[in-house]
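Content type compact mmCIF, C-alpha atoms and all ligand atoms, from the file structure34.txt:
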# COMPACT_ATOMS: atom_id res chain seq x y z
CA MET A 1 3.60 32.95 12.08
CA ARG A 2 1.36 32.77 15.15
CA ALA A 3 -1.64 30.54 15.52
CA PRO A 4 -4.84 32.14 14.28
CA THR A 5 -7.20 33.54 16.88
CA GLY A 6 -10.24 33.81 14.58
CA ALA A 7 -11.51 31.53 11.85
CA ALA A 8 -8.53 32.06 9.49
CA ASP A 9 -8.26 29.71 6.54
CA PRO A 10 -5.54 27.09 7.21
CA LEU A 11 -4.64 26.80 3.52
CA GLU A 12 -3.98 30.53 3.32
CA LEU A 13 -1.88 30.37 6.47
CA VAL A 14 0.43 27.66 5.13
CA ALA A 15 0.43 28.77 1.45
CA GLU A 16 3.69 30.68 1.95
CA ARG A 17 5.34 27.39 3.06
CA LEU A 18 4.32 25.56 -0.11
CA GLN A 19 6.03 25.36 -3.48
CA CYS A 20 4.78 24.72 -6.98
CA PRO A 21 5.22 21.02 -7.89
CA ILE A 22 6.01 22.00 -11.50
CA CYS A 23 8.50 24.88 -11.25
CA GLY A 24 9.33 24.96 -7.51
CA GLY A 25 8.26 28.60 -7.22
CA PRO A 26 6.45 30.00 -4.17
CA LEU A 27 2.66 29.71 -4.08
CA ARG A 28 -0.06 32.09 -3.00
CA ARG A 29 -3.76 31.47 -2.66
CA ASP A 30 -6.58 33.31 -4.33
CA GLU A 31 -10.22 32.55 -3.78
CA ARG A 32 -10.34 29.23 -5.62
CA ARG A 33 -6.75 28.29 -6.45
CA LEU A 34 -3.13 28.08 -5.36
CA LEU A 35 -0.95 29.91 -7.89
CA CYS A 36 2.75 30.35 -8.57
CA GLY A 37 4.35 33.39 -10.22
CA THR A 38 4.78 31.50 -13.52
CA GLY A 39 1.05 30.87 -13.87
CA HIS A 40 0.71 27.25 -12.72
CA ALA A 41 -2.63 27.01 -10.93
CA PHE A 42 -4.12 24.30 -8.69
CA ASP A 43 -7.81 24.25 -7.85
CA ILE A 44 -8.94 24.20 -4.25
CA ALA A 45 -11.61 21.54 -3.82
CA ARG A 46 -14.96 22.37 -2.25
CA GLN A 47 -13.84 20.47 0.87
CA GLY A 48 -10.83 22.81 1.26
CA TYR A 49 -7.82 20.75 0.12
CA ALA A 50 -5.71 21.28 -3.02
CA ASN A 51 -3.94 18.67 -5.06
CA LEU A 52 -0.24 19.47 -5.69
CA ILE A 53 0.76 16.22 -7.38
CA GLY A 54 2.62 17.46 -10.46
CA GLY A 55 2.39 15.44 -13.66
CA ARG A 56 0.90 11.94 -13.90
CA ARG A 57 -0.50 10.55 -10.66
CA ARG A 58 1.43 7.37 -9.85
CA HIS A 59 0.05 6.62 -6.38
CA ARG A 60 -3.57 7.00 -5.37
CA GLY A 61 -3.18 6.16 -1.68
CA ASP A 62 -5.96 4.51 0.32
CA ASP A 63 -9.39 4.15 -1.27
CA ALA A 64 -12.62 5.49 0.24
CA ARG A 65 -13.45 2.25 2.08
CA MET A 66 -10.02 1.98 3.68
CA VAL A 67 -10.17 5.62 4.77
CA ALA A 68 -13.67 5.23 6.23
CA ALA A 69 -12.45 2.16 8.16
CA ARG A 70 -9.39 4.08 9.43
CA GLU A 71 -11.59 6.94 10.57
CA ARG A 72 -13.86 4.49 12.44
CA PHE A 73 -10.97 2.71 14.12
CA LEU A 74 -9.03 5.82 15.14
CA GLY A 75 -12.27 7.50 16.24
CA ALA A 76 -12.88 4.63 18.68
CA GLY A 77 -9.70 5.71 20.51
CA HIS A 78 -7.72 2.45 20.37
CA TYR A 79 -4.54 4.26 19.26
CA ARG A 80 -4.99 7.18 21.68
CA PRO A 81 -1.77 6.31 23.60
CA VAL A 82 0.13 6.36 20.28
CA SER A 83 -1.22 9.84 19.43
CA ALA A 84 -0.44 10.99 22.98
CA ALA A 85 3.19 9.81 22.67
CA LEU A 86 3.51 11.58 19.31
CA ALA A 87 2.11 14.82 20.74
CA GLU A 88 4.27 14.75 23.86
CA LEU A 89 7.46 13.97 21.96
CA ALA A 90 6.76 16.49 19.18
CA ALA A 91 6.00 19.30 21.63
CA GLY A 92 8.95 18.37 23.85
CA HIS A 93 11.59 18.22 21.10
CA ALA A 94 10.40 20.74 18.47
CA PRO A 95 12.94 23.48 17.80
CA ALA A 96 12.15 27.12 18.61
CA GLY A 97 10.56 29.14 15.83
CA ASP A 98 7.46 28.90 13.71
CA GLY A 99 8.23 25.88 11.51
CA ILE A 100 5.03 24.09 10.57
CA VAL A 101 4.10 20.50 11.49
CA VAL A 102 3.97 18.37 8.33
CA ASP A 103 2.18 15.02 8.62
CA LEU A 104 3.59 12.85 5.85
CA ALA A 105 1.09 10.36 4.45
CA GLY A 106 -1.06 11.76 7.26
CA GLY A 107 -4.30 10.07 6.18
CA THR A 108 -7.32 11.66 7.84
CA GLY A 109 -5.14 14.08 9.85
CA HIS A 110 -6.13 12.33 13.08
CA HIS A 111 -2.66 12.28 14.69
CA LEU A 112 -1.76 15.73 13.30
CA SER A 113 -4.74 17.25 15.02
CA ILE A 114 -3.70 15.82 18.41
CA VAL A 115 -0.10 17.01 17.87
CA LEU A 116 -1.33 20.52 16.96
CA ASP A 117 -3.33 20.67 20.20
CA ALA A 118 -0.02 20.12 22.00
CA CYS A 119 1.77 22.73 19.82
CA PRO A 120 -0.62 25.70 20.07
CA ASP A 121 1.63 28.18 18.21
CA ARG A 122 2.16 26.06 15.11
CA HIS A 123 0.25 25.47 11.91
CA GLY A 124 -0.06 22.01 10.36
CA LEU A 125 -0.10 20.45 6.93
CA CYS A 126 -1.36 16.97 6.14
CA LEU A 127 0.13 15.51 2.92
CA ASP A 128 -1.46 12.41 1.40
CA ALA A 129 -2.14 10.90 -2.01
CA SER A 130 -5.67 9.74 -1.13
CA THR A 131 -8.55 12.04 -2.09
CA ALA A 132 -10.84 10.36 0.43
CA ALA A 133 -8.30 11.00 3.21
CA LEU A 134 -7.71 14.62 2.15
CA ARG A 135 -11.43 15.40 2.33
CA ARG A 136 -11.33 14.49 6.00
CA ALA A 137 -7.90 15.97 6.74
CA ALA A 138 -9.05 19.37 5.45
CA ARG A 139 -11.53 19.46 8.36
CA ALA A 140 -9.37 17.76 10.98
CA HIS A 141 -8.17 20.87 12.86
CA PRO A 142 -8.64 24.65 12.53
CA ARG A 143 -4.87 25.08 12.13
CA ALA A 144 -4.34 22.22 9.65
CA ALA A 145 -4.40 22.39 5.86
CA ALA A 146 -4.52 19.33 3.58
CA ILE A 147 -2.60 18.95 0.33
CA GLY A 148 -2.50 16.13 -2.22
CA ALA A 149 1.13 15.02 -2.57
CA ASP A 150 3.10 11.91 -3.46
CA VAL A 151 5.70 11.15 -0.78
CA TRP A 152 7.86 9.37 -3.40
CA ALA A 153 8.18 12.60 -5.39
CA PRO A 154 9.65 15.99 -4.39
CA LEU A 155 7.31 17.38 -1.72
CA PRO A 156 5.45 20.63 -2.51
CA VAL A 157 6.89 22.21 0.65
CA ARG A 158 9.59 24.90 0.71
CA SER A 159 13.05 23.98 1.99
CA GLY A 160 13.40 24.58 5.73
CA ALA A 161 9.66 25.31 6.21
CA ALA A 162 8.93 22.55 8.73
CA GLY A 163 9.86 22.42 12.40
CA VAL A 164 8.31 18.97 12.84
CA VAL A 165 7.60 16.15 10.38
CA LEU A 166 5.32 13.30 11.51
CA SER A 167 5.54 9.92 9.82
CA VAL A 168 2.98 7.55 11.29
CA PHE A 169 2.63 4.05 9.80
CA GLY A 170 3.15 5.53 6.34
CA PRO A 171 5.66 5.68 3.49
CA ARG A 172 8.42 8.30 3.76
CA GLY A 173 11.30 9.62 1.72
CA VAL A 174 14.13 10.61 4.05
CA ALA A 175 15.91 13.00 1.64
CA GLU A 176 12.82 15.13 1.25
CA ILE A 177 12.17 15.12 5.01
CA GLU A 178 15.69 16.43 5.49
CA ARG A 179 15.18 19.13 2.85
CA ILE A 180 11.91 20.52 4.28
CA LEU A 181 13.08 20.56 7.93
CA CYS A 182 14.45 23.80 9.36
CA PRO A 183 17.83 23.70 11.14
CA GLY A 184 17.38 21.55 14.25
CA GLY A 185 13.96 20.38 13.02
CA ILE A 186 12.71 16.94 14.05
CA VAL A 187 10.96 13.98 12.47
CA VAL A 188 8.74 11.91 14.76
CA VAL A 189 8.21 8.40 13.42
CA ALA A 190 5.69 5.81 14.61
CA ALA A 191 6.16 2.30 13.23
CA PRO A 192 4.72 -1.09 14.19
CA LEU A 193 6.97 -3.53 16.05
CA PRO A 194 6.96 -7.33 15.70
CA GLY A 195 3.90 -8.51 17.65
CA HIS A 196 1.73 -5.55 16.63
CA LEU A 197 -1.81 -6.88 15.95
CA ALA A 198 -0.23 -10.33 15.83
CA GLU A 199 -3.41 -12.06 17.04
CA LEU A 200 -5.27 -10.75 13.98
CA GLY A 201 -2.44 -11.63 11.65
CA ARG A 202 -2.56 -15.25 12.83
CA LEU A 203 -6.33 -15.57 12.72
CA VAL A 204 -7.17 -13.64 9.61
CA GLY A 205 -4.10 -14.68 7.68
CA GLY A 206 -1.04 -12.57 7.52
CA ILE A 207 0.03 -9.23 8.88
CA GLY A 208 3.73 -9.99 9.26
CA ILE A 209 6.20 -7.41 10.50
CA ASP A 210 9.83 -7.82 9.53
CA PRO A 211 11.82 -8.30 12.78
CA ARG A 212 14.58 -6.13 11.28
CA LYS A 213 12.19 -3.20 10.70
CA PRO A 214 13.37 -1.11 13.72
CA GLU A 215 16.97 -1.61 12.61
CA ARG A 216 16.18 -0.57 9.04
CA LEU A 217 14.30 2.48 10.25
CA ALA A 218 17.22 3.59 12.45
CA ALA A 219 19.63 3.08 9.52
CA SER A 220 17.50 5.20 7.20
CA PHE A 221 17.86 8.12 9.65
CA ARG A 222 21.60 7.70 10.17
CA ARG A 223 22.20 11.28 8.99
CA PHE A 224 20.00 12.51 11.88
CA ASP A 225 20.59 12.42 15.65
CA ARG A 226 18.09 10.16 17.40
CA VAL A 227 16.96 12.17 20.45
CA ALA A 228 14.15 9.97 21.80
CA LEU A 229 12.88 6.42 21.54
CA ARG A 230 9.72 5.13 23.17
CA ARG A 231 7.68 1.94 22.99
CA VAL A 232 3.92 2.01 23.25
CA ASP A 233 2.78 -1.43 24.41
CA LEU A 234 -0.84 -2.15 25.16
CA ARG A 235 -3.50 -4.81 25.05
CA VAL A 236 -6.79 -3.62 23.62
CA ALA A 237 -10.13 -5.41 23.62
CA LEU A 238 -11.61 -5.16 20.14
CA GLY A 239 -15.23 -5.95 19.34
CA HIS A 240 -15.99 -7.45 15.93
CA ASP A 241 -16.77 -4.01 14.44
CA ASP A 242 -13.35 -2.76 15.57
CA VAL A 243 -11.65 -5.87 14.15
CA HIS A 244 -13.42 -5.28 10.86
CA ALA A 245 -12.27 -1.64 10.84
CA VAL A 246 -8.63 -2.41 11.65
CA MET A 247 -8.45 -5.13 9.02
CA ALA A 248 -10.29 -3.07 6.39
CA MET A 249 -8.00 -0.04 6.85
CA GLY A 250 -4.80 -2.00 6.26
CA PRO A 251 -3.09 -4.07 3.59
CA SER A 252 -5.24 -7.15 4.27
CA ALA A 253 -8.18 -5.20 2.80
CA ARG A 254 -6.53 -5.77 -0.56
CA HIS A 255 -5.99 -9.52 -0.07
CA LEU A 256 -9.36 -10.66 1.31
CA THR A 257 -12.86 -10.53 -0.13
CA ASP A 258 -15.64 -9.13 2.07
CA ASP A 259 -16.94 -12.67 2.66
CA GLU A 260 -13.53 -14.06 3.62
CA LEU A 261 -13.03 -11.20 6.06
CA ALA A 262 -16.50 -11.62 7.59
CA ARG A 263 -15.99 -15.42 7.99
CA ALA A 264 -12.58 -14.96 9.62
CA ILE A 265 -13.93 -12.36 12.03
CA ALA A 266 -16.91 -14.55 12.96
CA ARG A 267 -14.47 -17.22 14.23
CA LEU A 268 -12.88 -14.78 16.72
CA PRO A 269 -14.00 -14.25 20.30
CA ASP A 270 -15.99 -11.02 20.73
CA PRO A 271 -14.25 -8.99 22.05
CA VAL A 272 -10.78 -10.29 21.18
CA GLU A 273 -7.65 -9.14 23.06
CA VAL A 274 -5.08 -7.72 20.70
CA THR A 275 -1.50 -6.49 21.16
CA VAL A 276 -0.56 -2.97 20.12
CA ALA A 277 3.26 -2.62 19.90
CA VAL A 278 4.52 0.58 18.34
CA GLU A 279 7.90 2.29 18.36
CA VAL A 280 7.92 6.09 18.39
CA SER A 281 11.28 7.68 17.65
CA VAL A 282 12.44 11.28 17.29
CA HIS A 283 15.30 12.19 14.95
CA ARG A 284 16.81 15.67 14.79
CA SER A 285 18.16 17.05 11.55
CA ARG A 286 21.86 17.87 11.59
CA CYS A 287 21.45 20.02 8.50
CA ALA A 288 22.38 23.59 9.33
CA ASP A 289 20.71 25.13 6.28
CA GLY A 290 17.53 23.14 5.74
CA GLN A 291 18.85 22.08 2.32
CA GLY A 292 18.76 18.27 2.81
CA ARG A 293 21.75 16.62 1.26
CA SER A 294 21.18 12.95 1.96
CA THR A 295 20.69 10.09 -0.47
CA LYS A 296 17.73 10.29 -2.81
CA THR A 297 16.62 6.71 -2.06
CA PRO A 298 13.27 6.74 -0.27
CA HIS A 299 12.76 4.44 2.69
CA PRO A 300 10.15 1.72 2.24
CA ARG A 301 7.18 1.59 4.60
C1 LIG B 1 -1.24 3.23 6.96
S1 LIG B 1 -1.95 4.74 6.40
C2 LIG B 1 -1.42 5.90 7.67
C3 LIG B 1 -2.23 7.15 7.72
C4 LIG B 1 -1.94 8.07 8.92
N1 LIG B 1 -0.54 8.40 9.04
C5 LIG B 1 -2.42 7.41 10.19
O1 LIG B 1 -1.63 6.84 10.95
O2 LIG B 1 -3.64 7.45 10.43
C6 LIG B 1 -0.89 5.13 5.04
C7 LIG B 1 -1.29 6.42 4.33
O3 LIG B 1 -0.34 6.63 3.27
C8 LIG B 1 -1.03 7.15 2.16
N2 LIG B 1 -0.15 6.91 0.99
C9 LIG B 1 0.18 5.74 0.42
N3 LIG B 1 1.05 5.93 -0.59
C10 LIG B 1 1.29 7.27 -0.65
C11 LIG B 1 2.10 8.09 -1.46
N4 LIG B 1 2.88 7.58 -2.44
N5 LIG B 1 2.11 9.43 -1.24
C12 LIG B 1 1.33 9.96 -0.26
N6 LIG B 1 0.55 9.23 0.55
C13 LIG B 1 0.51 7.90 0.36
C14 LIG B 1 -2.36 6.43 2.17
O4 LIG B 1 -3.35 7.12 1.42
C15 LIG B 1 -2.65 6.40 3.66
O5 LIG B 1 -3.39 7.53 4.06
ZN ZN B 2 4.92 26.90 -11.04
Written as C-alpha cells, that's how I'd like the structure from this file.
Amino acid sequence: MRAPTGAADPLELVAERLQCPICGGPLRRDERRLLCGTGHAFDIARQGYANLIGGRRRHRGDDARMVAARERFLGAGHYRPVSAALAELAAGHAPAGDGIVVDLAGGTGHHLSIVLDACPDRHGLCLDASTAALRRAARAHPRAAAIGADVWAPLPVRSGAAGVVLSVFGPRGVAEIERILCPGGIVVVAAPLPGHLAELGRLVGGIGIDPRKPERLAASFRRFDRVALRRVDLRVALGHDDVHAVMAMGPSARHLTDDELARAIARLPDPVEVTVAVEVSVHRSRCADGQGRSTKTPHPR
C-alpha cells in the first residue's frame, strides 16, 4: 500500500487493515458505513470517523473541554520536541514493508500527523474512545483515518497490520499491541518522567508521577527488544492561557472546579517556567507471526 497521491479517503485506504469488533471478520467501506461479510455495519460520521467499539461502551475517553484544551496546548508547540523525537525514532526504526502507523489513544491525532510526515509511504490510524478527539483526528492528516476503539478491549485492527504503534501519554494494552504488529514491528512509547510539569503539580495541587513508572513500563514490554531510549528534557515558559490549557487537558481537570483552577493560576508568575521531562522508548516485537502471545493483562497508564 503506497501513500495516496490524490485526495484518496484515508478510511478507505486503511479499511482492509481493520476487523469487525463483533465477529473479527475483515471490513470494507461503502459510501456511509464500514461492513463485514456477516452483515455487521458501522456508520461513518459526517466528520469522517467510524466507531468500532463493539457492545456496551465502557470508556468514553476525554470530554469535549479536555480535548479542546489539548488541541490548544499542542497547537502552541510546547511539545514539539516530543513529537520530533517520536517522528525521528519511528521513521528510523520502522521495519520494511507497508504496515500502518497506529496511534493508540491518539487523541486529536497531533503526534500521528507529525510521525506520518516523517514516514511518507505509510498510512495512519488514530484509535481513541473520545468522540470529541475523533472529530479532530479524522482531519489531522490526509493519510490518517480515525476510529472509535477502547484500548482495554480487543482492537479492531487485523493481526500483523501495523508496522508502528505509537503510545503517547495514553493507556495501552501490551498483548493487543503485540498482536497487531507485523514481524519486527515497533511500538514507540512516550511517557512522563518524575519532574514532568512538577511546578504546576506543586502550585495547583497534585500531578504526581510514580518514580517507578519507567521501570514498570520497561517491565510491561519485557517480551519485546528495547531498541532505543531517549529523554526529552526542556524548560518551557507558559503564559496563563497555556497553563490553563495544560491543566484542563489532564487529570486535574476532573479534580478542580473552574474557579479553583482560575484562582490557582492567578497566583502563578506569568509566564511561569515549567519542566518538560518525557521518556521516549522504542520496543521491537519478537513475534515472528504477528499473532501476539503475551499476557492479556493491560498495562496501566
Ligand atoms: C493523555 S491523552 C493523550 C492523547 C494523545 N496521545 C496525545 O498525546 O495528544 C489520553 C487519551 O486517551 C484516550 N482514552 C482514555 N481511555 C481510553 C480507552 N479506554 N480507550 C481509548 N482511548 C482512551 C482519551 O480520550 C485521550 O485522548
Ligand atoms: Zn462482523
To check your reading of the model: which residues sit at most 8 Å from ligand LIG 1 (chain B) when counting only C-alpha atoms and all ligand atoms? Write the answer as a short mmCIF file (atom, residue, chain, number, x, y, z; two decimals) with C-alpha atoms, in the coordinates of the input.
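So result.cif came out as:
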data_model
loop_
_atom_site.label_atom_id
_atom_site.label_comp_id
_atom_site.auth_asym_id
_atom_site.auth_seq_id
_atom_site.Cartn_x
_atom_site.Cartn_y
_atom_site.Cartn_z
CA ARG A 58 1.43 7.37 -9.85
CA HIS A 59 0.05 6.62 -6.38
CA ARG A 60 -3.57 7.00 -5.37
CA GLY A 61 -3.18 6.16 -1.68
CA ASP A 62 -5.96 4.51 0.32
CA ASP A 63 -9.39 4.15 -1.27
CA VAL A 67 -10.17 5.62 4.77
CA ARG A 70 -9.39 4.08 9.43
CA GLU A 71 -11.59 6.94 10.57
CA LEU A 74 -9.03 5.82 15.14
CA ASP A 103 2.18 15.02 8.62
CA LEU A 104 3.59 12.85 5.85
CA ALA A 105 1.09 10.36 4.45
CA GLY A 106 -1.06 11.76 7.26
CA GLY A 107 -4.30 10.07 6.18
CA THR A 108 -7.32 11.66 7.84
CA GLY A 109 -5.14 14.08 9.85
CA HIS A 110 -6.13 12.33 13.08
CA HIS A 111 -2.66 12.28 14.69
CA LEU A 127 0.13 15.51 2.92
CA ASP A 128 -1.46 12.41 1.40
CA ALA A 129 -2.14 10.90 -2.01
CA SER A 130 -5.67 9.74 -1.13
CA THR A 131 -8.55 12.04 -2.09
CA ALA A 133 -8.30 11.00 3.21
CA GLY A 148 -2.50 16.13 -2.22
CA ALA A 149 1.13 15.02 -2.57
CA ASP A 150 3.10 11.91 -3.46
CA VAL A 151 5.70 11.15 -0.78
CA TRP A 152 7.86 9.37 -3.40
CA ALA A 153 8.18 12.60 -5.39
CA SER A 167 5.54 9.92 9.82
CA VAL A 168 2.98 7.55 11.29
CA PHE A 169 2.63 4.05 9.80
CA GLY A 170 3.15 5.53 6.34
CA PRO A 171 5.66 5.68 3.49
CA MET A 249 -8.00 -0.04 6.85
CA GLY A 250 -4.80 -2.00 6.26
#
Straight-line distance linking CA of Leu217 in chain A with CA of Arg179 in chain A, stated in Å to one decimal: 18.2 Å
Determine, for each residue of chain A having at least one atom at most 10 Å from an atom of ligand ZN 2 (chain B), the closest pair of atoms and their separation in Å to one decimal, counting all atoms listed in the file; order by chain and ascending number, as CSV.
residue,atom,partner,partner_atom,distance
A:Gln19,CA,B:ZN2,ZN,7.8
A:Cys20,CA,B:ZN2,ZN,4.6
A:Pro21,CA,B:ZN2,ZN,6.7
A:Ile22,CA,B:ZN2,ZN,5.0
A:Cys23,CA,B:ZN2,ZN,4.1
A:Gly24,CA,B:ZN2,ZN,6.0
A:Gly25,CA,B:ZN2,ZN,5.4
A:Pro26,CA,B:ZN2,ZN,7.7
A:Leu27,CA,B:ZN2,ZN,7.8
A:Leu34,CA,B:ZN2,ZN,9.9
A:Leu35,CA,B:ZN2,ZN,7.3
A:Cys36,CA,B:ZN2,ZN,4.8
A:Gly37,CA,B:ZN2,ZN,6.6
A:Thr38,CA,B:ZN2,ZN,5.2
A:Gly39,CA,B:ZN2,ZN,6.2
A:His40,CA,B:ZN2,ZN,4.5
A:Ala41,CA,B:ZN2,ZN,7.6
A:Phe42,CA,B:ZN2,ZN,9.7
A:Gly54,CA,B:ZN2,ZN,9.7
Those residues with C-alpha atoms, as a short mmCIF file (atom, residue, chain, number, x, y, z; two decimals), in the frame of the given file please?
data_model
loop_
_atom_site.label_atom_id
_atom_site.label_comp_id
_atom_site.auth_asym_id
_atom_site.auth_seq_id
_atom_site.Cartn_x
_atom_site.Cartn_y
_atom_site.Cartn_z
CA GLN A 19 6.03 25.36 -3.48
CA CYS A 20 4.78 24.72 -6.98
CA PRO A 21 5.22 21.02 -7.89
CA ILE A 22 6.01 22.00 -11.50
CA CYS A 23 8.50 24.88 -11.25
CA GLY A 24 9.33 24.96 -7.51
CA GLY A 25 8.26 28.60 -7.22
CA PRO A 26 6.45 30.00 -4.17
CA LEU A 27 2.66 29.71 -4.08
CA LEU A 34 -3.13 28.08 -5.36
CA LEU A 35 -0.95 29.91 -7.89
CA CYS A 36 2.75 30.35 -8.57
CA GLY A 37 4.35 33.39 -10.22
CA THR A 38 4.78 31.50 -13.52
CA GLY A 39 1.05 30.87 -13.87
CA HIS A 40 0.71 27.25 -12.72
CA ALA A 41 -2.63 27.01 -10.93
CA PHE A 42 -4.12 24.30 -8.69
CA GLY A 54 2.62 17.46 -10.46
#
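In this model, the gap between CA of Gly99 in chain A and CA of Arg122 in chain A comes to 7.1 Å.
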One-decimal distance in Å that lies between CA of Ala198 in chain A and CA of Ala76 in chain A: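 Taking CA of Ala76 in chain A as the start and CA of Ala198 in chain A as the end point, the length is 19.8 Å.
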Give the centre and edge lengths of an axis-aligned box, in Å to one decimal, that holds all listed atoms of range 176-179 of chain A with 3 Å on each side, as AutoDock Vina command-line options.
--center_x 13.9 --center_y 17.1 --center_z 3.4 --size_x 9.5 --size_y 10.0 --size_z 10.2
Long-range neighbours of range 82-89 of chain A as a PyMOL selection string, 12 Å cut-off, all atoms listed in the file, 4 positions minimum in chain: chain A and resi 74-75+77-78+93-95+101+103+109-120+164-169+186-192+227-234+276-284
Based on the selection just made, write C-alpha atoms of those residues as a PDB file, keeping the file's coordinate frame.
ATOM      1  CA  LEU A  74      -9.030   5.820  15.140  1.00  0.00           C
ATOM      2  CA  GLY A  75     -12.270   7.500  16.240  1.00  0.00           C
ATOM      3  CA  GLY A  77      -9.700   5.710  20.510  1.00  0.00           C
ATOM      4  CA  HIS A  78      -7.720   2.450  20.370  1.00  0.00           C
ATOM      5  CA  HIS A  93      11.590  18.220  21.100  1.00  0.00           C
ATOM      6  CA  ALA A  94      10.400  20.740  18.470  1.00  0.00           C
ATOM      7  CA  PRO A  95      12.940  23.480  17.800  1.00  0.00           C
ATOM      8  CA  VAL A 101       4.100  20.500  11.490  1.00  0.00           C
ATOM      9  CA  ASP A 103       2.180  15.020   8.620  1.00  0.00           C
ATOM     10  CA  GLY A 109      -5.140  14.080   9.850  1.00  0.00           C
ATOM     11  CA  HIS A 110      -6.130  12.330  13.080  1.00  0.00           C
ATOM     12  CA  HIS A 111      -2.660  12.280  14.690  1.00  0.00           C
ATOM     13  CA  LEU A 112      -1.760  15.730  13.300  1.00  0.00           C
ATOM     14  CA  SER A 113      -4.740  17.250  15.020  1.00  0.00           C
ATOM     15  CA  ILE A 114      -3.700  15.820  18.410  1.00  0.00           C
ATOM     16  CA  VAL A 115      -0.100  17.010  17.870  1.00  0.00           C
ATOM     17  CA  LEU A 116      -1.330  20.520  16.960  1.00  0.00           C
ATOM     18  CA  ASP A 117      -3.330  20.670  20.200  1.00  0.00           C
ATOM     19  CA  ALA A 118      -0.020  20.120  22.000  1.00  0.00           C
ATOM     20  CA  CYS A 119       1.770  22.730  19.820  1.00  0.00           C
ATOM     21  CA  PRO A 120      -0.620  25.700  20.070  1.00  0.00           C
ATOM     22  CA  VAL A 164       8.310  18.970  12.840  1.00  0.00           C
ATOM     23  CA  VAL A 165       7.600  16.150  10.380  1.00  0.00           C
ATOM     24  CA  LEU A 166       5.320  13.300  11.510  1.00  0.00           C
ATOM     25  CA  SER A 167       5.540   9.920   9.820  1.00  0.00           C
ATOM     26  CA  VAL A 168       2.980   7.550  11.290  1.00  0.00           C
ATOM     27  CA  PHE A 169       2.630   4.050   9.800  1.00  0.00           C
ATOM     28  CA  ILE A 186      12.710  16.940  14.050  1.00  0.00           C
ATOM     29  CA  VAL A 187      10.960  13.980  12.470  1.00  0.00           C
ATOM     30  CA  VAL A 188       8.740  11.910  14.760  1.00  0.00           C
ATOM     31  CA  VAL A 189       8.210   8.400  13.420  1.00  0.00           C
ATOM     32  CA  ALA A 190       5.690   5.810  14.610  1.00  0.00           C
ATOM     33  CA  ALA A 191       6.160   2.300  13.230  1.00  0.00           C
ATOM     34  CA  PRO A 192       4.720  -1.090  14.190  1.00  0.00           C
ATOM     35  CA  VAL A 227      16.960  12.170  20.450  1.00  0.00           C
ATOM     36  CA  ALA A 228      14.150   9.970  21.800  1.00  0.00           C
ATOM     37  CA  LEU A 229      12.880   6.420  21.540  1.00  0.00           C
ATOM     38  CA  ARG A 230       9.720   5.130  23.170  1.00  0.00           C
ATOM     39  CA  ARG A 231       7.680   1.940  22.990  1.00  0.00           C
ATOM     40  CA  VAL A 232       3.920   2.010  23.250  1.00  0.00           C
ATOM     41  CA  ASP A 233       2.780  -1.430  24.410  1.00  0.00           C
ATOM     42  CA  LEU A 234      -0.840  -2.150  25.160  1.00  0.00           C
ATOM     43  CA  VAL A 276      -0.560  -2.970  20.120  1.00  0.00           C
ATOM     44  CA  ALA A 277       3.260  -2.620  19.900  1.00  0.00           C
ATOM     45  CA  VAL A 278       4.520   0.580  18.340  1.00  0.00           C
ATOM     46  CA  GLU A 279       7.900   2.290  18.360  1.00  0.00           C
ATOM     47  CA  VAL A 280       7.920   6.090  18.390  1.00  0.00           C
ATOM     48  CA  SER A 281      11.280   7.680  17.650  1.00  0.00           C
ATOM     49  CA  VAL A 282      12.440  11.280  17.290  1.00  0.00           C
ATOM     50  CA  HIS A 283      15.300  12.190  14.950  1.00  0.00           C
ATOM     51  CA  ARG A 284      16.810  15.670  14.790  1.00  0.00           C
TER      52      ARG A 284
END
